[in-house]
$ cat input_11.pdb   # PDB, C-alpha atoms
ATOM      1  CA  MET V   1       9.594 -26.737 -15.211
ATOM      2  CA  ASP V   2       8.535 -27.998 -11.771
ATOM      3  CA  GLN V   3       4.944 -29.055 -11.206
ATOM      4  CA  VAL V   4       2.717 -29.668  -8.176
ATOM      5  CA  LYS V   5      -0.628 -31.499  -8.098
ATOM      6  CA  PHE V   6      -3.610 -29.651  -6.674
ATOM      7  CA  SER V   7      -7.260 -30.702  -6.788
ATOM      8  CA  ARG V   8      -6.735 -33.184  -9.626
ATOM      9  CA  LYS V   9      -5.132 -30.570 -11.839
ATOM     10  CA  VAL V  10      -1.482 -29.842 -12.379
ATOM     11  CA  MET V  11      -0.277 -26.369 -11.505
ATOM     12  CA  ASN V  12       2.945 -25.138 -13.090
ATOM     13  CA  ILE V  13       5.457 -23.644 -10.705
ATOM     14  CA  LYS V  14       7.493 -20.953 -12.417
ATOM     15  CA  ASP V  15      11.209 -21.554 -12.634
ATOM     16  CA  HIS V  16      14.006 -19.518 -11.079
ATOM     17  CA  SER V  17      15.034 -17.934 -14.385
ATOM     18  CA  SER V  18      11.705 -16.094 -14.558
ATOM     19  CA  GLY V  19      12.374 -14.390 -11.219
ATOM     20  CA  HIS V  20      10.571 -16.928  -9.079
ATOM     21  CA  LEU V  21      12.067 -19.258  -6.501
ATOM     22  CA  SER V  22      13.723 -22.582  -7.213
ATOM     23  CA  GLU V  23      11.950 -25.715  -6.017
ATOM     24  CA  ASP V  24      14.653 -26.178  -3.349
ATOM     25  CA  MET V  25      14.194 -22.618  -2.049
ATOM     26  CA  VAL V  26      10.399 -23.057  -1.923
ATOM     27  CA  LYS V  27      10.801 -26.258   0.114
ATOM     28  CA  LYS V  28      13.168 -24.505   2.550
ATOM     29  CA  LEU V  29      10.790 -21.572   2.938
ATOM     30  CA  ILE V  30       7.843 -23.901   3.589
ATOM     31  CA  GLN V  31       9.918 -25.836   6.121
ATOM     32  CA  GLN V  32      10.721 -22.581   7.935
ATOM     33  CA  SER V  33       7.023 -21.689   8.008
ATOM     34  CA  GLN V  34       6.267 -25.119   9.496
ATOM     35  CA  GLU V  35       8.907 -24.529  12.184
ATOM     36  CA  ALA V  36       7.443 -21.091  12.942
ATOM     37  CA  LYS V  37       4.004 -22.695  13.340
ATOM     38  CA  LYS V  38       5.341 -24.614  16.362
ATOM     39  CA  GLN V  39       5.673 -21.308  18.261
ATOM     40  CA  ALA V  40       2.022 -20.314  17.736
ATOM     41  CA  TYR V  41       0.107 -19.113  20.780
ATOM     42  CA  CYS V  42      -3.447 -20.229  20.046
ATOM     43  CA  PRO V  43      -5.171 -21.373  23.254
ATOM     44  CA  TYR V  44      -8.636 -20.383  21.963
ATOM     45  CA  SER V  45      -8.830 -21.539  18.361
ATOM     46  CA  LYS V  46      -6.208 -24.317  18.582
ATOM     47  CA  PHE V  47      -5.395 -23.321  14.975
ATOM     48  CA  ARG V  48      -1.621 -22.951  14.549
ATOM     49  CA  VAL V  49      -0.248 -20.887  11.679
ATOM     50  CA  GLY V  50       3.351 -20.105  10.757
ATOM     51  CA  ALA V  51       4.816 -17.872   8.068
ATOM     52  CA  ALA V  52       8.266 -17.429   6.553
ATOM     53  CA  LEU V  53       8.893 -14.244   4.573
ATOM     54  CA  LEU V  54      11.765 -13.904   2.076
ATOM     55  CA  THR V  55      13.307 -10.541   1.183
ATOM     56  CA  PRO V  56      15.107  -9.737  -2.101
ATOM     57  CA  ASP V  57      18.462 -10.047  -0.296
ATOM     58  CA  ASN V  58      17.445 -13.553   0.908
ATOM     59  CA  CYS V  59      16.780 -12.684   4.558
ATOM     60  CA  VAL V  60      14.009 -14.776   6.080
ATOM     61  CA  PHE V  61      11.653 -13.468   8.763
ATOM     62  CA  THR V  62       9.288 -15.868  10.476
ATOM     63  CA  GLY V  63       6.082 -15.275  12.358
ATOM     64  CA  CYS V  64       3.318 -17.219  14.065
ATOM     65  CA  ASN V  65      -0.196 -16.380  15.116
ATOM     66  CA  VAL V  66      -0.616 -14.935  18.606
ATOM     67  CA  GLU V  67      -4.137 -14.967  20.042
ATOM     68  CA  ASN V  68      -5.573 -12.843  22.814
ATOM     69  CA  ALA V  69      -8.485 -13.296  25.221
ATOM     70  CA  CYS V  70      -9.878 -10.139  23.596
ATOM     71  CA  TYR V  71     -10.173 -11.989  20.274
ATOM     72  CA  ASN V  72      -9.806  -9.062  17.891
ATOM     73  CA  LEU V  73      -6.377  -8.208  19.350
ATOM     74  CA  GLY V  74      -4.775 -11.388  18.041
ATOM     75  CA  VAL V  75      -2.109 -11.163  15.329
ATOM     76  CA  CYS V  76      -1.835 -13.460  12.319
ATOM     77  CA  ALA V  77       1.425 -15.181  11.387
ATOM     78  CA  GLU V  78       1.719 -13.345   8.070
ATOM     79  CA  ARG V  79       1.353  -9.902   9.656
ATOM     80  CA  ASN V  80       3.767 -10.907  12.404
ATOM     81  CA  ALA V  81       6.466 -11.917   9.885
ATOM     82  CA  ILE V  82       5.958  -8.796   7.758
ATOM     83  CA  SER V  83       6.046  -6.526  10.810
ATOM     84  CA  ARG V  84       9.296  -8.120  11.962
ATOM     85  CA  ALA V  85      10.849  -7.537   8.540
ATOM     86  CA  VAL V  86       9.629  -3.941   8.374
ATOM     87  CA  SER V  87      10.993  -3.259  11.866
ATOM     88  CA  GLU V  88      14.405  -4.360  10.525
ATOM     89  CA  GLY V  89      14.190  -1.960   7.564
ATOM     90  CA  HIS V  90      12.823  -4.217   4.810
ATOM     91  CA  ARG V  91      10.055  -2.911   2.548
ATOM     92  CA  SER V  92      10.253  -5.276  -0.425
ATOM     93  CA  PHE V  93       9.533  -9.009  -0.458
ATOM     94  CA  LYS V  94      10.069 -11.917  -2.847
ATOM     95  CA  ALA V  95       7.826 -14.529  -1.268
ATOM     96  CA  ILE V  96       6.012 -15.766   1.799
ATOM     97  CA  ALA V  97       5.200 -19.364   2.722
ATOM     98  CA  ILE V  98       2.277 -20.095   5.021
ATOM     99  CA  ALA V  99       1.787 -23.319   7.019
ATOM    100  CA  SER V 100      -0.969 -24.723   9.221
ATOM    101  CA  ASP V 101      -2.170 -28.098  10.447
ATOM    102  CA  LEU V 102      -4.885 -28.325   7.758
ATOM    103  CA  ASP V 103      -4.461 -31.663   6.017
ATOM    104  CA  ASP V 104      -7.268 -31.572   3.433
ATOM    105  CA  GLN V 105      -6.666 -28.118   1.988
ATOM    106  CA  PHE V 106      -3.977 -25.487   1.534
ATOM    107  CA  ILE V 107      -3.850 -22.749   4.174
ATOM    108  CA  SER V 108      -4.922 -19.393   2.753
ATOM    109  CA  PRO V 109      -4.372 -15.965   4.318
ATOM    110  CA  CYS V 110      -7.334 -14.106   5.781
ATOM    111  CA  GLY V 111      -8.589 -10.936   4.103
ATOM    112  CA  GLY V 112      -6.738  -8.693   6.547
ATOM    113  CA  CYS V 113      -3.446 -10.430   5.801
ATOM    114  CA  ARG V 114      -4.063 -10.217   2.059
ATOM    115  CA  GLN V 115      -4.482  -6.439   2.359
ATOM    116  CA  PHE V 116      -1.452  -6.215   4.675
ATOM    117  CA  MET V 117       0.665  -8.095   2.104
ATOM    118  CA  ARG V 118      -0.684  -5.873  -0.689
ATOM    119  CA  GLU V 119       0.725  -2.820   1.102
ATOM    120  CA  PHE V 120       4.144  -4.034  -0.026
ATOM    121  CA  GLY V 121       3.249  -4.732  -3.654
ATOM    122  CA  PRO V 122       0.944  -6.924  -5.722
ATOM    123  CA  ASN V 123       3.505  -9.038  -7.567
ATOM    124  CA  TRP V 124       5.302 -11.223  -5.042
ATOM    125  CA  ASP V 125       4.751 -14.922  -4.459
ATOM    126  CA  VAL V 126       2.634 -16.570  -1.790
ATOM    127  CA  TYR V 127       3.084 -20.299  -1.133
ATOM    128  CA  LEU V 128       0.017 -21.901   0.460
ATOM    129  CA  SER V 129       1.101 -25.204   1.987
ATOM    130  CA  LYS V 130      -0.027 -28.386   3.734
ATOM    131  CA  PRO V 131       1.805 -30.262   6.519
ATOM    132  CA  ASP V 132       3.163 -32.789   3.993
ATOM    133  CA  GLY V 133       5.061 -29.978   2.209
ATOM    134  CA  SER V 134       2.840 -29.809  -0.875
ATOM    135  CA  TYR V 135       1.945 -26.277  -1.912
ATOM    136  CA  LEU V 136       0.102 -23.975  -4.251
ATOM    137  CA  GLN V 137       1.910 -20.893  -5.583
ATOM    138  CA  MET V 138      -0.017 -17.660  -6.150
ATOM    139  CA  THR V 139       0.788 -13.964  -6.208
ATOM    140  CA  VAL V 140      -0.590 -11.313  -3.887
ATOM    141  CA  SER V 141      -2.606  -9.886  -6.792
ATOM    142  CA  GLU V 142      -4.170 -13.301  -7.461
ATOM    143  CA  LEU V 143      -5.181 -13.523  -3.798
ATOM    144  CA  LEU V 144      -6.530  -9.968  -3.761
ATOM    145  CA  PRO V 145      -7.696  -8.985  -7.275
ATOM    146  CA  ALA V 146      -8.654  -5.376  -8.013
ATOM    147  CA  SER V 147      -6.912  -4.348  -4.816
ATOM    148  CA  PHE V 148      -6.366  -0.981  -3.182
ATOM    149  CA  GLY V 149      -2.756  -0.032  -2.475
ATOM    150  CA  PRO V 150      -0.576   2.918  -1.478
ATOM    151  CA  GLU V 151      -0.407   4.196  -5.066
ATOM    152  CA  ASP V 152      -4.195   4.693  -5.029
ATOM    153  CA  LEU V 153      -3.862   7.368  -2.364
ATOM    154  CA  SER V 154      -2.158   9.701  -4.843
ATOM    155  CA  MET V 155      -4.953   9.459  -7.432
ATOM    156  CA  LYS V 156      -7.096  12.510  -8.163
ATOM    157  CA  LYS V 157      -9.918  12.932  -5.643
ATOM    158  CA  VAL V 158     -12.950  15.150  -5.324
ATOM    159  CA  PHE V 159     -12.399  17.304  -2.240
ATOM    160  CA  ASP V 160     -15.535  19.453  -2.320
ATOM    161  CA  ILE V 161     -17.921  16.805  -1.019
ATOM    162  CA  PRO V 162     -20.167  18.430   1.579
ATOM    163  CA  ASN V 163     -20.011  16.879   5.033
ATOM    164  CA  GLU V 164     -23.551  16.725   6.357
ATOM    165  CA  TYR V 165     -22.767  15.013   9.642
TER     166      TYR V 165
END

$ encode --input "input_11.pdb" --output "structure tokens"
Amino acid sequence: MDQVKFSRKVMNIKDHSSGHLSEDMVKKLIQQSQEAKKQAYCPYSKFRVGAALLTPDNCVFTGCNVENACYNLGVCAERNAISRAVSEGHRSFKAIAIASDLDDQFISPCGGCRQFMREFGPNWDVYLSKPDGSYLQMTVSELLPASFGPEDLSMKKVFDIPNEY
């Protein structure tokens, strides 16, 4: 079993036979996220982020953050990559690798990106990386515990709540 060091503890990286990616595939995905980071448009924050998203049929879609002078209109790398994949007909994902220029810690997706990833299932892998290629593997559900997803919309609801507005 492959291992990676993180904060003085050793994290086990699941092997390919359990449905997770091989060490070689993880490294390639992280490298693609680092390449995508180079395309980031971030004149305001100067914080480059790249993402590489892997589908079950091994297609890779990359994305980078794109800022806007109207700050809230910017788009994160993760949402960019997922949107590209969805626009090409993909709705299921195996993994996403995320890269930034942070040297002292692993890049982690913002709350909006965590919810955006959750839309497409709780049980796919997220690789948080550093520029040197080291990484931490998590799942979407570990990043967003007790999450709300599409299946929650079909749960029984109370419809007779009076609207007093």

$ resolve_selection --input "input_11.pdb" --expression "the PyMOL selection byres ((chain V and resi 103-119) around 6)" --output "list in words"
Leu102, Phe120, Gly121, Pro122, Leu128, Ser129, Lys130 and Gly149 of chain V

$ write_last_selection --input "input_11.pdb" --atoms "C-alpha atoms" --output "mmCIF file, keeping the file's coordinate frame"
data_model
loop_
_atom_site.group_PDB
_atom_site.id
_atom_site.type_symbol
_atom_site.label_atom_id
_atom_site.label_comp_id
_atom_site.auth_asym_id
_atom_site.auth_seq_id
_atom_site.Cartn_x
_atom_site.Cartn_y
_atom_site.Cartn_z
ATOM 1 C CA LEU V 102 -4.885 -28.325 7.758
ATOM 2 C CA PHE V 120 4.144 -4.034 -0.026
ATOM 3 C CA GLY V 121 3.249 -4.732 -3.654
ATOM 4 C CA PRO V 122 0.944 -6.924 -5.722
ATOM 5 C CA LEU V 128 0.017 -21.901 0.460
ATOM 6 C CA SER V 129 1.101 -25.204 1.987
ATOM 7 C CA LYS V 130 -0.027 -28.386 3.734
ATOM 8 C CA GLY V 149 -2.756 -0.032 -2.475
#

$ atom_distance --input "input_11.pdb" --atom1 "CA of Ala99 (chain V)" --atom2 "CA of Lys37 (chain V)"
6.7 Å

$ atom_distance --input "input_11.pdb" --atom1 "CA of Pro131 (chain V)" --atom2 "CA of Asp101 (chain V)"
6.0 Å

$ residues_around --input "input_11.pdb" --residues "region 29-34 of chain V" --least-positions-apart "5" --cutoff "12 Å" --atoms "all atoms listed in the file" --output "MDAnalysis selection string"
chainID V and resid 21:24 39:40 48:55 58:65 77:78 81 94:102 107 125:137

$ atom_distance --input "input_11.pdb" --atom1 "CA of Ile82 (chain V)" --atom2 "CA of Asn123 (chain V)"
15.5 Å

$ resolve_selection --input "input_11.pdb" --expression "the PyMOL selection byres ((chain V and resi 66) around 7)" --output "list in words"
Ala40, Tyr41, Cys42, Cys64, Asn65, Glu67, Asn68, Gly74, Val75 and Cys76 of chain V

$ decode --input "input_11.pdb" --residues "region 13-162 of chain V" --atoms "C-alpha atoms" --output "PDB file, in the first residue's frame"
ATOM      1  CA  ILE V  13      -3.409   5.945   0.169  1.00  0.00           C
ATOM      2  CA  LYS V  14      -5.837   3.270  -0.957  1.00  0.00           C
ATOM      3  CA  ASP V  15      -4.638   0.972  -3.695  1.00  0.00           C
ATOM      4  CA  HIS V  16      -6.058   0.547  -7.187  1.00  0.00           C
ATOM      5  CA  SER V  17      -7.683  -2.803  -6.394  1.00  0.00           C
ATOM      6  CA  SER V  18     -10.062  -1.093  -3.962  1.00  0.00           C
ATOM      7  CA  GLY V  19     -11.384   1.179  -6.718  1.00  0.00           C
ATOM      8  CA  HIS V  20      -9.036   4.063  -6.051  1.00  0.00           C
ATOM      9  CA  LEU V  21      -6.308   5.392  -8.311  1.00  0.00           C
ATOM     10  CA  SER V  22      -2.814   3.982  -8.632  1.00  0.00           C
ATOM     11  CA  GLU V  23       0.056   6.101  -7.341  1.00  0.00           C
ATOM     12  CA  ASP V  24       1.157   6.735 -10.950  1.00  0.00           C
ATOM     13  CA  MET V  25      -2.325   7.925 -11.965  1.00  0.00           C
ATOM     14  CA  VAL V  26      -2.521  10.235  -8.925  1.00  0.00           C
ATOM     15  CA  LYS V  27       0.841  11.787  -9.844  1.00  0.00           C
ATOM     16  CA  LYS V  28      -0.309  12.340 -13.447  1.00  0.00           C
ATOM     17  CA  LEU V  29      -3.563  13.917 -12.293  1.00  0.00           C
ATOM     18  CA  ILE V  30      -1.720  16.238  -9.894  1.00  0.00           C
ATOM     19  CA  GLN V  31       0.714  17.181 -12.661  1.00  0.00           C
ATOM     20  CA  GLN V  32      -2.220  18.073 -14.925  1.00  0.00           C
ATOM     21  CA  SER V  33      -3.712  20.231 -12.170  1.00  0.00           C
ATOM     22  CA  GLN V  34      -0.359  22.013 -11.807  1.00  0.00           C
ATOM     23  CA  GLU V  35      -0.301  22.659 -15.565  1.00  0.00           C
ATOM     24  CA  ALA V  36      -3.872  23.992 -15.444  1.00  0.00           C
ATOM     25  CA  LYS V  37      -2.843  26.362 -12.637  1.00  0.00           C
ATOM     26  CA  LYS V  38      -0.513  28.129 -15.097  1.00  0.00           C
ATOM     27  CA  GLN V  39      -3.570  29.361 -17.042  1.00  0.00           C
ATOM     28  CA  ALA V  40      -5.198  31.001 -14.001  1.00  0.00           C
ATOM     29  CA  TYR V  41      -6.479  34.543 -14.431  1.00  0.00           C
ATOM     30  CA  CYS V  42      -6.031  36.038 -10.970  1.00  0.00           C
ATOM     31  CA  PRO V  43      -4.962  39.694 -11.229  1.00  0.00           C
ATOM     32  CA  TYR V  44      -6.610  40.603  -7.896  1.00  0.00           C
ATOM     33  CA  SER V  45      -5.768  37.820  -5.467  1.00  0.00           C
ATOM     34  CA  LYS V  46      -2.580  36.593  -7.193  1.00  0.00           C
ATOM     35  CA  PHE V  47      -3.685  33.144  -5.951  1.00  0.00           C
ATOM     36  CA  ARG V  48      -3.447  30.604  -8.789  1.00  0.00           C
ATOM     37  CA  VAL V  49      -5.454  27.392  -8.608  1.00  0.00           C
ATOM     38  CA  GLY V  50      -5.686  24.532 -11.095  1.00  0.00           C
ATOM     39  CA  ALA V  51      -7.830  21.408 -11.123  1.00  0.00           C
ATOM     40  CA  ALA V  52      -7.798  18.164 -13.089  1.00  0.00           C
ATOM     41  CA  LEU V  53     -10.967  16.065 -13.024  1.00  0.00           C
ATOM     42  CA  LEU V  54     -11.001  12.357 -13.947  1.00  0.00           C
ATOM     43  CA  THR V  55     -14.113  10.610 -15.268  1.00  0.00           C
ATOM     44  CA  PRO V  56     -14.840   6.862 -14.965  1.00  0.00           C
ATOM     45  CA  ASP V  57     -13.841   6.410 -18.627  1.00  0.00           C
ATOM     46  CA  ASN V  58     -10.478   8.113 -17.880  1.00  0.00           C
ATOM     47  CA  CYS V  59     -11.180  11.441 -19.597  1.00  0.00           C
ATOM     48  CA  VAL V  60      -9.477  14.362 -17.882  1.00  0.00           C
ATOM     49  CA  PHE V  61     -10.964  17.860 -17.772  1.00  0.00           C
ATOM     50  CA  THR V  62      -8.876  20.715 -16.436  1.00  0.00           C
ATOM     51  CA  GLY V  63      -9.861  24.077 -15.060  1.00  0.00           C
ATOM     52  CA  CYS V  64      -8.289  27.140 -13.483  1.00  0.00           C
ATOM     53  CA  ASN V  65      -9.627  29.993 -11.427  1.00  0.00           C
ATOM     54  CA  VAL V  66     -10.866  33.027 -13.352  1.00  0.00           C
ATOM     55  CA  GLU V  67     -11.320  36.231 -11.356  1.00  0.00           C
ATOM     56  CA  ASN V  68     -13.449  39.241 -12.179  1.00  0.00           C
ATOM     57  CA  ALA V  69     -13.317  42.902 -11.151  1.00  0.00           C
ATOM     58  CA  CYS V  70     -16.772  42.259  -9.669  1.00  0.00           C
ATOM     59  CA  TYR V  71     -15.243  39.790  -7.197  1.00  0.00           C
ATOM     60  CA  ASN V  72     -18.232  37.522  -6.646  1.00  0.00           C
ATOM     61  CA  LEU V  73     -18.392  36.701 -10.376  1.00  0.00           C
ATOM     62  CA  GLY V  74     -15.091  34.830 -10.337  1.00  0.00           C
ATOM     63  CA  VAL V  75     -15.061  31.071 -10.952  1.00  0.00           C
ATOM     64  CA  CYS V  76     -12.975  28.545  -9.034  1.00  0.00           C
ATOM     65  CA  ALA V  77     -10.804  25.970 -10.797  1.00  0.00           C
ATOM     66  CA  GLU V  78     -12.800  23.023  -9.457  1.00  0.00           C
ATOM     67  CA  ARG V  79     -16.132  24.397 -10.689  1.00  0.00           C
ATOM     68  CA  ASN V  80     -14.540  25.284 -14.015  1.00  0.00           C
ATOM     69  CA  ALA V  81     -13.277  21.710 -14.547  1.00  0.00           C
ATOM     70  CA  ILE V  82     -16.585  20.148 -13.478  1.00  0.00           C
ATOM     71  CA  SER V  83     -18.581  22.501 -15.705  1.00  0.00           C
ATOM     72  CA  ARG V  84     -16.385  21.625 -18.678  1.00  0.00           C
ATOM     73  CA  ALA V  85     -16.945  17.916 -18.061  1.00  0.00           C
ATOM     74  CA  VAL V  86     -20.698  18.346 -17.633  1.00  0.00           C
ATOM     75  CA  SER V  87     -20.887  20.382 -20.849  1.00  0.00           C
ATOM     76  CA  GLU V  88     -19.329  17.361 -22.610  1.00  0.00           C
ATOM     77  CA  GLY V  89     -21.939  14.977 -21.167  1.00  0.00           C
ATOM     78  CA  HIS V  90     -20.150  13.607 -18.091  1.00  0.00           C
ATOM     79  CA  ARG V  91     -22.061  13.309 -14.814  1.00  0.00           C
ATOM     80  CA  SER V  92     -19.919  10.860 -12.844  1.00  0.00           C
ATOM     81  CA  PHE V  93     -16.371  11.391 -11.583  1.00  0.00           C
ATOM     82  CA  LYS V  94     -13.595   9.244 -10.121  1.00  0.00           C
ATOM     83  CA  ALA V  95     -11.289  11.927  -8.768  1.00  0.00           C
ATOM     84  CA  ILE V  96     -10.155  15.523  -8.857  1.00  0.00           C
ATOM     85  CA  ALA V  97      -6.687  16.882  -8.095  1.00  0.00           C
ATOM     86  CA  ILE V  98      -6.291  20.473  -6.947  1.00  0.00           C
ATOM     87  CA  ALA V  99      -3.059  22.509  -7.126  1.00  0.00           C
ATOM     88  CA  SER V 100      -1.981  25.949  -5.937  1.00  0.00           C
ATOM     89  CA  ASP V 101       1.224  27.772  -5.077  1.00  0.00           C
ATOM     90  CA  LEU V 102       0.798  27.154  -1.324  1.00  0.00           C
ATOM     91  CA  ASP V 103       4.024  25.616  -0.067  1.00  0.00           C
ATOM     92  CA  ASP V 104       3.276  25.125   3.642  1.00  0.00           C
ATOM     93  CA  GLN V 105      -0.123  23.467   3.374  1.00  0.00           C
ATOM     94  CA  PHE V 106      -2.292  21.444   1.015  1.00  0.00           C
ATOM     95  CA  ILE V 107      -4.771  23.419  -1.090  1.00  0.00           C
ATOM     96  CA  SER V 108      -8.354  22.750  -0.018  1.00  0.00           C
ATOM     97  CA  PRO V 109     -11.518  23.579  -1.968  1.00  0.00           C
ATOM     98  CA  CYS V 110     -13.736  26.410  -0.771  1.00  0.00           C
ATOM     99  CA  GLY V 111     -17.185  25.644   0.628  1.00  0.00           C
ATOM    100  CA  GLY V 112     -18.903  26.484  -2.654  1.00  0.00           C
ATOM    101  CA  CYS V 113     -16.697  24.042  -4.547  1.00  0.00           C
ATOM    102  CA  ARG V 114     -17.281  21.337  -1.944  1.00  0.00           C
ATOM    103  CA  GLN V 115     -21.044  21.679  -2.457  1.00  0.00           C
ATOM    104  CA  PHE V 116     -20.588  21.811  -6.248  1.00  0.00           C
ATOM    105  CA  MET V 117     -18.571  18.564  -6.128  1.00  0.00           C
ATOM    106  CA  ARG V 118     -21.184  16.979  -3.844  1.00  0.00           C
ATOM    107  CA  GLU V 119     -23.820  17.510  -6.543  1.00  0.00           C
ATOM    108  CA  PHE V 120     -22.135  14.662  -8.412  1.00  0.00           C
ATOM    109  CA  GLY V 121     -21.862  12.247  -5.490  1.00  0.00           C
ATOM    110  CA  PRO V 122     -20.243  11.974  -2.070  1.00  0.00           C
ATOM    111  CA  ASN V 123     -17.868   9.072  -2.681  1.00  0.00           C
ATOM    112  CA  TRP V 124     -15.236  10.179  -5.175  1.00  0.00           C
ATOM    113  CA  ASP V 125     -11.649  11.113  -4.409  1.00  0.00           C
ATOM    114  CA  VAL V 126     -10.191  14.575  -3.954  1.00  0.00           C
ATOM    115  CA  TYR V 127      -6.402  14.994  -4.025  1.00  0.00           C
ATOM    116  CA  LEU V 128      -5.225  18.126  -2.201  1.00  0.00           C
ATOM    117  CA  SER V 129      -1.685  18.872  -3.354  1.00  0.00           C
ATOM    118  CA  LYS V 130       1.380  21.070  -2.886  1.00  0.00           C
ATOM    119  CA  PRO V 131       3.734  22.356  -5.614  1.00  0.00           C
ATOM    120  CA  ASP V 132       6.264  19.609  -4.798  1.00  0.00           C
ATOM    121  CA  GLY V 133       3.689  16.951  -5.794  1.00  0.00           C
ATOM    122  CA  SER V 134       2.926  15.710  -2.279  1.00  0.00           C
ATOM    123  CA  TYR V 135      -0.772  15.245  -1.600  1.00  0.00           C
ATOM    124  CA  LEU V 136      -3.513  14.313   0.804  1.00  0.00           C
ATOM    125  CA  GLN V 137      -6.337  12.065  -0.427  1.00  0.00           C
ATOM    126  CA  MET V 138      -9.879  12.590   0.861  1.00  0.00           C
ATOM    127  CA  THR V 139     -13.382  11.937  -0.409  1.00  0.00           C
ATOM    128  CA  VAL V 140     -16.052  14.525  -1.113  1.00  0.00           C
ATOM    129  CA  SER V 141     -18.003  13.263   1.911  1.00  0.00           C
ATOM    130  CA  GLU V 142     -14.956  13.751   4.154  1.00  0.00           C
ATOM    131  CA  LEU V 143     -14.642  17.331   2.900  1.00  0.00           C
ATOM    132  CA  LEU V 144     -18.362  18.004   3.323  1.00  0.00           C
ATOM    133  CA  PRO V 145     -19.778  15.772   6.095  1.00  0.00           C
ATOM    134  CA  ALA V 146     -23.540  15.585   6.639  1.00  0.00           C
ATOM    135  CA  SER V 147     -24.027  17.148   3.229  1.00  0.00           C
ATOM    136  CA  PHE V 148     -27.128  18.037   1.254  1.00  0.00           C
ATOM    137  CA  GLY V 149     -27.404  16.494  -2.207  1.00  0.00           C
ATOM    138  CA  PRO V 150     -29.867  15.936  -5.048  1.00  0.00           C
ATOM    139  CA  GLU V 151     -31.355  12.862  -3.352  1.00  0.00           C
ATOM    140  CA  ASP V 152     -32.476  15.060  -0.435  1.00  0.00           C
ATOM    141  CA  LEU V 153     -34.857  16.940  -2.708  1.00  0.00           C
ATOM    142  CA  SER V 154     -37.045  13.844  -3.064  1.00  0.00           C
ATOM    143  CA  MET V 155     -37.463  13.354   0.699  1.00  0.00           C
ATOM    144  CA  LYS V 156     -40.875  13.878   2.286  1.00  0.00           C
ATOM    145  CA  LYS V 157     -41.580  17.546   3.021  1.00  0.00           C
ATOM    146  CA  VAL V 158     -44.247  19.471   4.864  1.00  0.00           C
ATOM    147  CA  PHE V 159     -46.049  21.586   2.270  1.00  0.00           C
ATOM    148  CA  ASP V 160     -48.692  23.249   4.438  1.00  0.00           C
ATOM    149  CA  ILE V 161     -46.395  25.788   6.072  1.00  0.00           C
ATOM    150  CA  PRO V 162     -48.181  29.141   6.086  1.00  0.00           C
TER     151      PRO V 162
END
